[in-house]
Amino acid sequence: MKRLFTIATVLVAVGWGIHVLAGKALSNLLAARLGGFVVKLGEGKISSPTEFFQHRMFEAAWLATLLLLWAFVHVTVARVRLNQSVPSRWSWVLHSLLALICLNVWLWQADRTVLFWGLMWDGKETQNLTRFRIKLILTREDHSTRRAVLMGSSQTRAQIDEELLNSLLGTKLRTTEMHYPGSKAYDHFLLQPILAPAHADYIIVYLSEADFHSGSVSEAVPNFFTFNALPDLMKRGGLKYIPAGRVGYGLLGQMLPMFRMREALAQRLLGPTMGQLKQQKYNTALQTLKERAASMAKSYELNEESRFQKQALEDFLVRGRDSNQRVILLAGQLNPVLGHQINPEVRREMMALLRSLAERFPNVTLIENLPEQVEKDYEDITHVNKSTQERFTRFLAGWLDGHVTAGAERPR
């Protein structure tokens, strides 16, 4: 064991030596050979292949160091047991507890690395949290002079092709798509501090009736809710609308990163089938499009819960103003097969809210006249097809080129 520990220590030391002394040169070499592949793999989120490789080398050395420290802790504990400080029959309890603590400390740090989350990648079957964490870390590493973050639910991803948008805007403005599926207005507010280190100049949000009037159950709360957010949620009465179990999942995930990563880890260890069980169950229960639209339309209501969501959007804009960020609200829509069955007052109230916010907040711009989208432009209830996505992306690029990149300054 001592020999193995010595070899591991030497290897880790050599790794740090390579990173410090030859990291930049090695990164340049890798970027020259693999830069194009990495940029393509990153779907437009990697602006500097050289810096990308430098960051990954640091991550490898750091995570290896933590593993070495983990081994050191266990060796030290073993010596304590041999010295009979702990009865032998209880040693397994101590080792199990230490393993749980060390594993979660290691995962707490691994959560901040593309290297770790990259190991969780599984192509098109990749779990949502894995995708989000990778995008978040790469966004924080981006040093573009003018940046925008695209927020919202999966409608944002469906409407806007990030790669095409960046290719059309060139160096004028760099955008990063940071949607999280199923998000509501409160979820945008919840994710805002997580995205703050990206220091975006602009926040672009695609909104529809689903952000305010279709309940408050989402996947963002179990994955991102923290103890810091709890007092605010209680103050605004959100526990009446967001299930306590989902809040509890978020809090437990903050204490135990292993719990928060459970689905990503299960998918990696047991295969994509385990990670897609929820989606398979959902697909099995699908009705025809019109039947499902008729059923969903009943859940779009004007009530206290929708006011809770609307207040969250207003507070989201307050944060943006205080952070000196310009917020661009896209007044989007749902598939007309659903939209036409929803109480018309829902749409009118949503638009009245957005117009009021745009008038009250100098840092907010509302775009109402978006390209028309009819039923044939959609793949399902909420997501447009590829050709409609391209059309919408080109429209947005043209608007941004004329209103944002033409010398516009950040709000003061």
# chains A, B, ... in the order shown; residues from 1 in each chain; ligands from 1
$ select_by_dssp --residues "segment 273-396 of chain A" --states "strand (DSSP E or B)" --output "list of chain:residue names"
A:Arg326, A:Val327, A:Ile328, A:Leu329, A:Leu330, A:Ala331, A:Val364, A:Thr365, A:Leu366, A:Ile367, A:Tyr378, A:Val384
$ residues_around --residues "Met178 of chain A" --least-positions-apart "6" --cutoff "12 Å" --atoms "only C-alpha atoms" --output "NGL selection string"
:A and (45 or 128-129 or 131-140 or 148-157 or 160 or 162 or 188 or 191-192 or 194-195 or 198 or 200 or 203-206)
$ write_last_selection --atoms "C-alpha atoms" --output "JSON list (two decimals), in the first residue's frame"
[["chain", "number", "residue", "atom", "x", "y", "z"],
["A", 45, "LYS", "CA", -19.54, 27.09, -26.94],
["A", 128, "ASN", "CA", -30.25, 17.42, -18.94],
["A", 129, "LEU", "CA", -28.17, 18.23, -15.86],
["A", 131, "ARG", "CA", -25.68, 19.27, -20.59],
["A", 132, "PHE", "CA", -26.42, 22.27, -18.40],
["A", 133, "ARG", "CA", -23.32, 21.90, -16.22],
["A", 134, "ILE", "CA", -21.00, 21.58, -19.22],
["A", 135, "LYS", "CA", -22.53, 24.66, -20.86],
["A", 136, "LEU", "CA", -22.33, 26.61, -17.60],
["A", 137, "ILE", "CA", -18.62, 25.91, -17.08],
["A", 138, "LEU", "CA", -17.74, 26.69, -20.69],
["A", 139, "THR", "CA", -19.72, 29.93, -20.47],
["A", 140, "ARG", "CA", -17.73, 31.00, -17.41],
["A", 148, "ALA", "CA", -25.53, 37.19, -24.21],
["A", 149, "VAL", "CA", -27.17, 34.26, -22.41],
["A", 150, "LEU", "CA", -30.29, 32.61, -23.82],
["A", 151, "MET", "CA", -32.57, 31.52, -20.96],
["A", 152, "GLY", "CA", -35.92, 29.80, -20.74],
["A", 153, "SER", "CA", -37.49, 26.38, -21.10],
["A", 154, "SER", "CA", -36.89, 23.90, -23.92],
["A", 155, "GLN", "CA", -38.86, 26.31, -26.12],
["A", 156, "THR", "CA", -35.78, 28.55, -26.11],
["A", 157, "ARG", "CA", -33.62, 25.71, -27.43],
["A", 160, "ILE", "CA", -33.05, 29.45, -31.43],
["A", 162, "GLU", "CA", -27.18, 28.90, -31.04],
["A", 188, "HIS", "CA", -35.46, 31.64, -14.43],
["A", 191, "LEU", "CA", -31.09, 29.99, -12.08],
["A", 192, "GLN", "CA", -30.11, 33.65, -12.40],
["A", 194, "ILE", "CA", -26.01, 30.41, -10.95],
["A", 195, "LEU", "CA", -25.43, 32.14, -14.28],
["A", 198, "ALA", "CA", -20.79, 34.30, -16.72],
["A", 200, "ALA", "CA", -23.40, 38.32, -19.54],
["A", 203, "ILE", "CA", -30.08, 38.08, -21.15],
["A", 204, "ILE", "CA", -32.50, 36.89, -23.83],
["A", 205, "VAL", "CA", -35.60, 35.01, -22.62],
["A", 206, "TYR", "CA", -38.22, 33.31, -24.79]]
$ residues_around --residues "Pro336 of chain A" --least-positions-apart "6" --cutoff "10 Å" --atoms "only C-alpha atoms" --output "ChimeraX atom specification"
/A:293,342,373-378,381-382
$ write_last_selection --atoms "C-alpha atoms" --output "tab-separated table (two decimals), in the first residue's frame"
chain	number	residue	atom	x	y	z
A	293	ALA	CA	-53.88	20.00	-26.26
A	342	ILE	CA	-56.55	28.29	-23.85
A	373	GLN	CA	-45.80	30.38	-36.39
A	374	VAL	CA	-48.69	28.15	-37.45
A	375	GLU	CA	-49.56	24.58	-36.54
A	376	LYS	CA	-47.46	23.00	-39.32
A	377	ASP	CA	-44.35	24.77	-37.94
A	378	TYR	CA	-44.42	22.62	-34.79
A	381	ILE	CA	-47.26	21.02	-28.49
A	382	THR	CA	-44.44	23.46	-27.74
$ select_by_dssp --residues "segment 148-234 of chain A" --states "alpha helix (DSSP H)" --output "PyMOL selection string"
chain A and resi 154-159+162-169+185-195+210-213+220-224+230-234
$ write_last_selection --atoms "C-alpha atoms" --output "CSV table (one decimal), in the first residue's frame"
chain,number,residue,atom,x,y,z
A,154,SER,CA,-36.9,23.9,-23.9
A,155,GLN,CA,-38.9,26.3,-26.1
A,156,THR,CA,-35.8,28.6,-26.1
A,157,ARG,CA,-33.6,25.7,-27.4
A,158,ALA,CA,-36.2,24.8,-30.0
A,159,GLN,CA,-36.7,28.3,-31.3
A,162,GLU,CA,-27.2,28.9,-31.0
A,163,GLU,CA,-24.5,27.9,-33.6
A,164,LEU,CA,-26.4,29.6,-36.4
A,165,LEU,CA,-27.0,32.7,-34.3
A,166,ASN,CA,-23.3,33.0,-33.4
A,167,SER,CA,-22.2,32.5,-37.0
A,168,LEU,CA,-24.6,35.3,-38.2
A,169,LEU,CA,-23.5,37.7,-35.5
A,185,ALA,CA,-40.7,32.1,-14.6
A,186,TYR,CA,-39.6,31.2,-11.0
A,187,ASP,CA,-37.0,28.8,-12.4
A,188,HIS,CA,-35.5,31.6,-14.4
A,189,PHE,CA,-35.2,33.6,-11.2
A,190,LEU,CA,-33.7,30.6,-9.4
A,191,LEU,CA,-31.1,30.0,-12.1
A,192,GLN,CA,-30.1,33.7,-12.4
A,193,PRO,CA,-27.5,33.6,-9.6
A,194,ILE,CA,-26.0,30.4,-10.9
A,195,LEU,CA,-25.4,32.1,-14.3
A,210,ALA,CA,-46.4,28.1,-20.2
A,211,ASP,CA,-44.0,30.2,-18.1
A,212,PHE,CA,-46.8,31.7,-16.0
A,213,HIS,CA,-50.0,29.7,-16.3
A,220,ALA,CA,-35.1,23.0,-12.2
A,221,VAL,CA,-36.0,23.1,-8.5
A,222,PRO,CA,-34.9,19.5,-7.7
A,223,ASN,CA,-31.6,20.1,-9.5
A,224,PHE,CA,-30.7,23.7,-8.4
A,230,LEU,CA,-35.4,28.8,0.8
A,231,PRO,CA,-36.1,32.0,2.9
A,232,ASP,CA,-37.1,33.9,-0.3
A,233,LEU,CA,-39.3,31.1,-1.5
A,234,MET,CA,-41.1,31.0,1.9
$ atom_distance --atom1 "atom CA of Leu29 of chain A" --atom2 "atom CA of Gly170 of chain A"
25.7 Å
$ closest_residue --among "A:Leu11, A:Val404, A:Leu396, A:Val73" --to "Asp161 of chain A" --atoms "only C-alpha atoms"
A:Leu396
$ residues_around --residues "Phe361 of chain A" --least-positions-apart "5" --cutoff "9 Å" --atoms "only C-alpha atoms" --output "mmCIF file with C-alpha atoms, in the first residue's frame"
data_model
loop_
_atom_site.group_PDB
_atom_site.id
_atom_site.type_symbol
_atom_site.label_atom_id
_atom_site.label_comp_id
_atom_site.auth_asym_id
_atom_site.auth_seq_id
_atom_site.Cartn_x
_atom_site.Cartn_y
_atom_site.Cartn_z
ATOM 1 C CA LEU A 317 -35.723 41.843 -14.068
ATOM 2 C CA VAL A 318 -34.844 43.726 -10.880
ATOM 3 C CA ARG A 321 -31.168 45.943 -13.611
ATOM 4 C CA SER A 356 -45.914 46.937 -18.290
#
$ closest_residue --among "A:Arg394, A:Gln325, A:Leu338, A:Leu26" --to "Thr365 of chain A" --atoms "only C-alpha atoms"
A:Gln325
$ atom_distance --atom1 "atom CA of Ser216 of chain A" --atom2 "atom CA of Gln309 of chain A"
7.8 Å
$ closest_residue --among "A:Val77, A:Val217, A:Val10, A:Val38" --to "Leu239 of chain A" --atoms "only C-alpha atoms"
A:Val217
$ atom_distance --atom1 "atom CA of Ala8 of chain A" --atom2 "atom CA of Val75 of chain A"
13.6 Å
$ closest_residue --among "A:Leu41, A:Glu349, A:Arg3, A:Ser295" --to "Gly123 of chain A" --atoms "only C-alpha atoms"
A:Leu41
$ residues_around --residues "segment 98-115 of chain A" --least-positions-apart "2" --cutoff "8 Å" --atoms "only C-alpha atoms" --output "list in words"
Arg56, Glu59, Ala60, Leu63, Leu66, Leu67, Trp70, His74, Leu94, His95, Ser96, Trp117, Gly118, Leu119, Arg133, Ile134, Ile137, Leu138, Leu256, Pro257 and Met258 of chain A
$ residues_around --residues "Gly23 of chain A" --least-positions-apart "2" --cutoff "12 Å" --atoms "only C-alpha atoms" --output "PDB file with N, CA and C atoms, in the first residue's frame"
ATOM      1  N   VAL A  14       4.003  14.759 -11.055  1.00  0.00           N
ATOM      2  CA  VAL A  14       4.435  14.897 -12.445  1.00  0.00           C
ATOM      3  C   VAL A  14       3.346  15.597 -13.265  1.00  0.00           C
ATOM      4  N   GLY A  15       2.088  15.230 -12.990  1.00  0.00           N
ATOM      5  CA  GLY A  15       0.983  15.869 -13.695  1.00  0.00           C
ATOM      6  C   GLY A  15       0.933  17.372 -13.463  1.00  0.00           C
ATOM      7  N   TRP A  16       1.126  17.773 -12.206  1.00  0.00           N
ATOM      8  CA  TRP A  16       1.163  19.208 -11.896  1.00  0.00           C
ATOM      9  C   TRP A  16       2.368  19.872 -12.559  1.00  0.00           C
ATOM     10  N   GLY A  17       3.494  19.165 -12.586  1.00  0.00           N
ATOM     11  CA  GLY A  17       4.681  19.721 -13.227  1.00  0.00           C
ATOM     12  C   GLY A  17       4.466  19.971 -14.710  1.00  0.00           C
ATOM     13  N   ILE A  18       3.822  19.007 -15.367  1.00  0.00           N
ATOM     14  CA  ILE A  18       3.532  19.170 -16.794  1.00  0.00           C
ATOM     15  C   ILE A  18       2.586  20.340 -17.013  1.00  0.00           C
ATOM     16  N   HIS A  19       1.574  20.436 -16.150  1.00  0.00           N
ATOM     17  CA  HIS A  19       0.606  21.527 -16.297  1.00  0.00           C
ATOM     18  C   HIS A  19       1.267  22.893 -16.118  1.00  0.00           C
ATOM     19  N   VAL A  20       2.127  23.023 -15.118  1.00  0.00           N
ATOM     20  CA  VAL A  20       2.750  24.311 -14.817  1.00  0.00           C
ATOM     21  C   VAL A  20       3.836  24.666 -15.829  1.00  0.00           C
ATOM     22  N   LEU A  21       4.674  23.704 -16.147  1.00  0.00           N
ATOM     23  CA  LEU A  21       5.851  23.994 -16.975  1.00  0.00           C
ATOM     24  C   LEU A  21       5.595  23.890 -18.477  1.00  0.00           C
ATOM     25  N   ALA A  25       2.302  25.081 -23.850  1.00  0.00           N
ATOM     26  CA  ALA A  25       2.861  24.528 -25.086  1.00  0.00           C
ATOM     27  C   ALA A  25       2.092  23.288 -25.528  1.00  0.00           C
ATOM     28  N   LEU A  26       1.762  22.432 -24.574  1.00  0.00           N
ATOM     29  CA  LEU A  26       1.009  21.225 -24.892  1.00  0.00           C
ATOM     30  C   LEU A  26      -0.394  21.558 -25.362  1.00  0.00           C
ATOM     31  N   SER A  27      -0.995  22.571 -24.740  1.00  0.00           N
ATOM     32  CA  SER A  27      -2.341  22.998 -25.146  1.00  0.00           C
ATOM     33  C   SER A  27      -2.324  23.548 -26.564  1.00  0.00           C
ATOM     34  N   ASN A  28      -1.292  24.312 -26.896  1.00  0.00           N
ATOM     35  CA  ASN A  28      -1.162  24.836 -28.267  1.00  0.00           C
ATOM     36  C   ASN A  28      -1.040  23.702 -29.276  1.00  0.00           C
ATOM     37  N   LEU A  29      -0.276  22.682 -28.907  1.00  0.00           N
ATOM     38  CA  LEU A  29      -0.092  21.530 -29.792  1.00  0.00           C
ATOM     39  C   LEU A  29      -1.412  20.783 -29.996  1.00  0.00           C
ATOM     40  N   LEU A  30      -2.125  20.545 -28.901  1.00  0.00           N
ATOM     41  CA  LEU A  30      -3.397  19.854 -28.998  1.00  0.00           C
ATOM     42  C   LEU A  30      -4.425  20.674 -29.772  1.00  0.00           C
ATOM     43  N   ALA A  31      -4.396  22.000 -29.552  1.00  0.00           N
ATOM     44  CA  ALA A  31      -5.334  22.878 -30.259  1.00  0.00           C
ATOM     45  C   ALA A  31      -5.060  22.871 -31.757  1.00  0.00           C
ATOM     46  N   THR A  50      -7.198  26.374 -27.257  1.00  0.00           N
ATOM     47  CA  THR A  50      -5.999  26.350 -26.402  1.00  0.00           C
ATOM     48  C   THR A  50      -6.372  26.480 -24.932  1.00  0.00           C
ATOM     49  N   GLU A  51      -7.221  27.473 -24.619  1.00  0.00           N
ATOM     50  CA  GLU A  51      -7.660  27.639 -23.235  1.00  0.00           C
ATOM     51  C   GLU A  51      -8.494  26.449 -22.769  1.00  0.00           C
ATOM     52  N   PHE A  52      -9.253  25.878 -23.676  1.00  0.00           N
ATOM     53  CA  PHE A  52     -10.055  24.709 -23.334  1.00  0.00           C
ATOM     54  C   PHE A  52      -9.163  23.575 -22.841  1.00  0.00           C
ATOM     55  N   PHE A  53      -8.096  23.284 -23.555  1.00  0.00           N
ATOM     56  CA  PHE A  53      -7.194  22.203 -23.162  1.00  0.00           C
ATOM     57  C   PHE A  53      -6.434  22.549 -21.876  1.00  0.00           C
ATOM     58  N   GLN A  54      -6.092  23.814 -21.696  1.00  0.00           N
ATOM     59  CA  GLN A  54      -5.414  24.222 -20.460  1.00  0.00           C
ATOM     60  C   GLN A  54      -6.304  23.989 -19.247  1.00  0.00           C
ATOM     61  N   HIS A  55      -7.549  24.375 -19.367  1.00  0.00           N
ATOM     62  CA  HIS A  55      -8.486  24.182 -18.254  1.00  0.00           C
ATOM     63  C   HIS A  55      -8.680  22.704 -17.943  1.00  0.00           C
ATOM     64  N   ARG A  56      -8.744  21.866 -18.996  1.00  0.00           N
ATOM     65  CA  ARG A  56      -8.970  20.440 -18.762  1.00  0.00           C
ATOM     66  C   ARG A  56      -7.753  19.796 -18.108  1.00  0.00           C
ATOM     67  N   MET A  57      -6.554  20.253 -18.424  1.00  0.00           N
ATOM     68  CA  MET A  57      -5.359  19.713 -17.767  1.00  0.00           C
ATOM     69  C   MET A  57      -5.344  20.071 -16.284  1.00  0.00           C
ATOM     70  N   PHE A  58      -5.748  21.294 -15.972  1.00  0.00           N
ATOM     71  CA  PHE A  58      -5.838  21.691 -14.563  1.00  0.00           C
ATOM     72  C   PHE A  58      -6.863  20.831 -13.840  1.00  0.00           C
ATOM     73  N   ALA A  61      -5.481  17.346 -13.070  1.00  0.00           N
ATOM     74  CA  ALA A  61      -4.514  17.360 -11.970  1.00  0.00           C
ATOM     75  C   ALA A  61      -5.217  17.571 -10.628  1.00  0.00           C
TER      76      ALA A  61
END
$ closest_residue --among "A:Tyr241, A:Phe116, A:Thr226, A:Ala196" --to "Glu304 of chain A" --atoms "only C-alpha atoms"
A:Tyr241
$ closest_residue --among "A:Glu209, A:Glu177, A:Asp315, A:Asp401" --to "Ser299 of chain A" --atoms "only C-alpha atoms"
A:Glu209
$ decode --residues "segment 155-195 of chain A" --atoms "N, CA and C atoms" --output "mmCIF file, in the first residue's frame"
data_model
loop_
_atom_site.group_PDB
_atom_site.id
_atom_site.type_symbol
_atom_site.label_atom_id
_atom_site.label_comp_id
_atom_site.auth_asym_id
_atom_site.auth_seq_id
_atom_site.Cartn_x
_atom_site.Cartn_y
_atom_site.Cartn_z
ATOM 1 N N GLN A 155 -38.393 25.498 -24.984
ATOM 2 C CA GLN A 155 -38.857 26.308 -26.116
ATOM 3 C C GLN A 155 -37.741 27.211 -26.619
ATOM 4 N N THR A 156 -36.906 27.710 -25.716
ATOM 5 C CA THR A 156 -35.777 28.553 -26.112
ATOM 6 C C THR A 156 -34.837 27.777 -27.022
ATOM 7 N N ARG A 157 -34.514 26.547 -26.618
ATOM 8 C CA ARG A 157 -33.618 25.714 -27.429
ATOM 9 C C ARG A 157 -34.252 25.400 -28.782
ATOM 10 N N ALA A 158 -35.552 25.122 -28.780
ATOM 11 C CA ALA A 158 -36.230 24.776 -30.023
ATOM 12 C C ALA A 158 -36.330 25.968 -30.977
ATOM 13 N N GLN A 159 -36.512 27.156 -30.436
ATOM 14 C CA GLN A 159 -36.696 28.346 -31.262
ATOM 15 C C GLN A 159 -35.390 28.886 -31.833
ATOM 16 N N ILE A 160 -34.295 28.764 -31.067
ATOM 17 C CA ILE A 160 -33.051 29.450 -31.425
ATOM 18 C C ILE A 160 -31.925 28.448 -31.630
ATOM 19 N N ASP A 161 -31.308 28.499 -32.792
ATOM 20 C CA ASP A 161 -30.128 27.686 -33.099
ATOM 21 C C ASP A 161 -28.902 28.499 -32.696
ATOM 22 N N GLU A 162 -28.299 28.131 -31.590
ATOM 23 C CA GLU A 162 -27.177 28.904 -31.040
ATOM 24 C C GLU A 162 -26.007 29.000 -32.019
ATOM 25 N N GLU A 163 -25.666 27.891 -32.651
ATOM 26 C CA GLU A 163 -24.543 27.899 -33.597
ATOM 27 C C GLU A 163 -24.813 28.841 -34.760
ATOM 28 N N LEU A 164 -26.005 28.760 -35.327
ATOM 29 C CA LEU A 164 -26.354 29.632 -36.443
ATOM 30 C C LEU A 164 -26.372 31.084 -36.004
ATOM 31 N N LEU A 165 -26.923 31.348 -34.837
ATOM 32 C CA LEU A 165 -26.985 32.718 -34.330
ATOM 33 C C LEU A 165 -25.585 33.309 -34.181
ATOM 34 N N ASN A 166 -24.669 32.537 -33.614
ATOM 35 C CA ASN A 166 -23.299 33.035 -33.438
ATOM 36 C C ASN A 166 -22.590 33.225 -34.770
ATOM 37 N N SER A 167 -22.856 32.346 -35.732
ATOM 38 C CA SER A 167 -22.212 32.494 -37.042
ATOM 39 C C SER A 167 -22.725 33.738 -37.760
ATOM 40 N N LEU A 168 -23.999 34.075 -37.566
ATOM 41 C CA LEU A 168 -24.571 35.262 -38.200
ATOM 42 C C LEU A 168 -24.088 36.549 -37.537
ATOM 43 N N LEU A 169 -23.893 36.507 -36.217
ATOM 44 C CA LEU A 169 -23.474 37.709 -35.486
ATOM 45 C C LEU A 169 -21.962 37.901 -35.513
ATOM 46 N N GLY A 170 -21.215 36.829 -35.767
ATOM 47 C CA GLY A 170 -19.756 36.934 -35.800
ATOM 48 C C GLY A 170 -19.195 37.350 -34.460
ATOM 49 N N THR A 171 -18.279 38.315 -34.495
ATOM 50 C CA THR A 171 -17.634 38.778 -33.264
ATOM 51 C C THR A 171 -18.404 39.912 -32.583
ATOM 52 N N LYS A 172 -19.529 40.317 -33.151
ATOM 53 C CA LYS A 172 -20.281 41.440 -32.593
ATOM 54 C C LYS A 172 -20.912 41.094 -31.242
ATOM 55 N N LEU A 173 -21.412 39.857 -31.144
ATOM 56 C CA LEU A 173 -22.062 39.407 -29.916
ATOM 57 C C LEU A 173 -21.987 37.888 -29.875
ATOM 58 N N ARG A 174 -21.537 37.348 -28.749
ATOM 59 C CA ARG A 174 -21.461 35.898 -28.604
ATOM 60 C C ARG A 174 -22.570 35.437 -27.660
ATOM 61 N N THR A 175 -23.364 34.487 -28.122
ATOM 62 C CA THR A 175 -24.483 34.005 -27.327
ATOM 63 C C THR A 175 -24.230 32.575 -26.859
ATOM 64 N N THR A 176 -24.772 32.261 -25.690
ATOM 65 C CA THR A 176 -24.711 30.906 -25.150
ATOM 66 C C THR A 176 -26.100 30.498 -24.701
ATOM 67 N N GLU A 177 -26.568 29.366 -25.207
ATOM 68 C CA GLU A 177 -27.905 28.876 -24.867
ATOM 69 C C GLU A 177 -27.841 28.139 -23.536
ATOM 70 N N MET A 178 -28.587 28.628 -22.534
ATOM 71 C CA MET A 178 -28.574 28.063 -21.180
ATOM 72 C C MET A 178 -29.992 27.742 -20.705
ATOM 73 N N HIS A 179 -30.788 27.132 -21.563
ATOM 74 C CA HIS A 179 -32.148 26.764 -21.171
ATOM 75 C C HIS A 179 -32.113 25.588 -20.205
ATOM 76 N N TYR A 180 -33.213 25.398 -19.472
ATOM 77 C CA TYR A 180 -33.386 24.160 -18.726
ATOM 78 C C TYR A 180 -34.814 23.682 -18.963
ATOM 79 N N PRO A 181 -34.979 22.438 -19.432
ATOM 80 C CA PRO A 181 -36.306 21.950 -19.840
ATOM 81 C C PRO A 181 -37.370 22.109 -18.750
ATOM 82 N N GLY A 182 -38.533 22.544 -19.178
ATOM 83 C CA GLY A 182 -39.673 22.652 -18.268
ATOM 84 C C GLY A 182 -39.658 23.851 -17.349
ATOM 85 N N SER A 183 -38.719 24.762 -17.546
ATOM 86 C CA SER A 183 -38.594 25.899 -16.635
ATOM 87 C C SER A 183 -39.791 26.841 -16.729
ATOM 88 N N LYS A 184 -40.152 27.396 -15.572
ATOM 89 C CA LYS A 184 -41.175 28.438 -15.471
ATOM 90 C C LYS A 184 -40.473 29.745 -15.100
ATOM 91 N N ALA A 185 -41.269 30.793 -14.922
ATOM 92 C CA ALA A 185 -40.686 32.101 -14.592
ATOM 93 C C ALA A 185 -39.878 32.040 -13.298
ATOM 94 N N TYR A 186 -40.385 31.318 -12.295
ATOM 95 C CA TYR A 186 -39.636 31.221 -11.038
ATOM 96 C C TYR A 186 -38.314 30.516 -11.242
ATOM 97 N N ASP A 187 -38.261 29.544 -12.140
ATOM 98 C CA ASP A 187 -37.013 28.829 -12.396
ATOM 99 C C ASP A 187 -35.971 29.735 -13.033
ATOM 100 N N HIS A 188 -36.413 30.672 -13.876
ATOM 101 C CA HIS A 188 -35.459 31.640 -14.431
ATOM 102 C C HIS A 188 -34.849 32.472 -13.296
ATOM 103 N N PHE A 189 -35.704 32.857 -12.363
ATOM 104 C CA PHE A 189 -35.246 33.616 -11.193
ATOM 105 C C PHE A 189 -34.289 32.774 -10.346
ATOM 106 N N LEU A 190 -34.585 31.491 -10.189
ATOM 107 C CA LEU A 190 -33.747 30.585 -9.400
ATOM 108 C C LEU A 190 -32.384 30.377 -10.045
ATOM 109 N N LEU A 191 -32.343 30.266 -11.369
ATOM 110 C CA LEU A 191 -31.091 29.991 -12.078
ATOM 111 C C LEU A 191 -30.235 31.236 -12.276
ATOM 112 N N GLN A 192 -30.829 32.398 -12.126
ATOM 113 C CA GLN A 192 -30.115 33.652 -12.399
ATOM 114 C C GLN A 192 -28.809 33.788 -11.616
ATOM 115 N N PRO A 193 -28.779 33.533 -10.304
ATOM 116 C CA PRO A 193 -27.499 33.641 -9.577
ATOM 117 C C PRO A 193 -26.462 32.610 -10.029
ATOM 118 N N ILE A 194 -26.926 31.447 -10.478
ATOM 119 C CA ILE A 194 -26.005 30.414 -10.945
ATOM 120 C C ILE A 194 -25.297 30.875 -12.211
ATOM 121 N N LEU A 195 -26.003 31.643 -13.031
ATOM 122 C CA LEU A 195 -25.427 32.137 -14.282
ATOM 123 C C LEU A 195 -24.669 33.446 -14.106
#
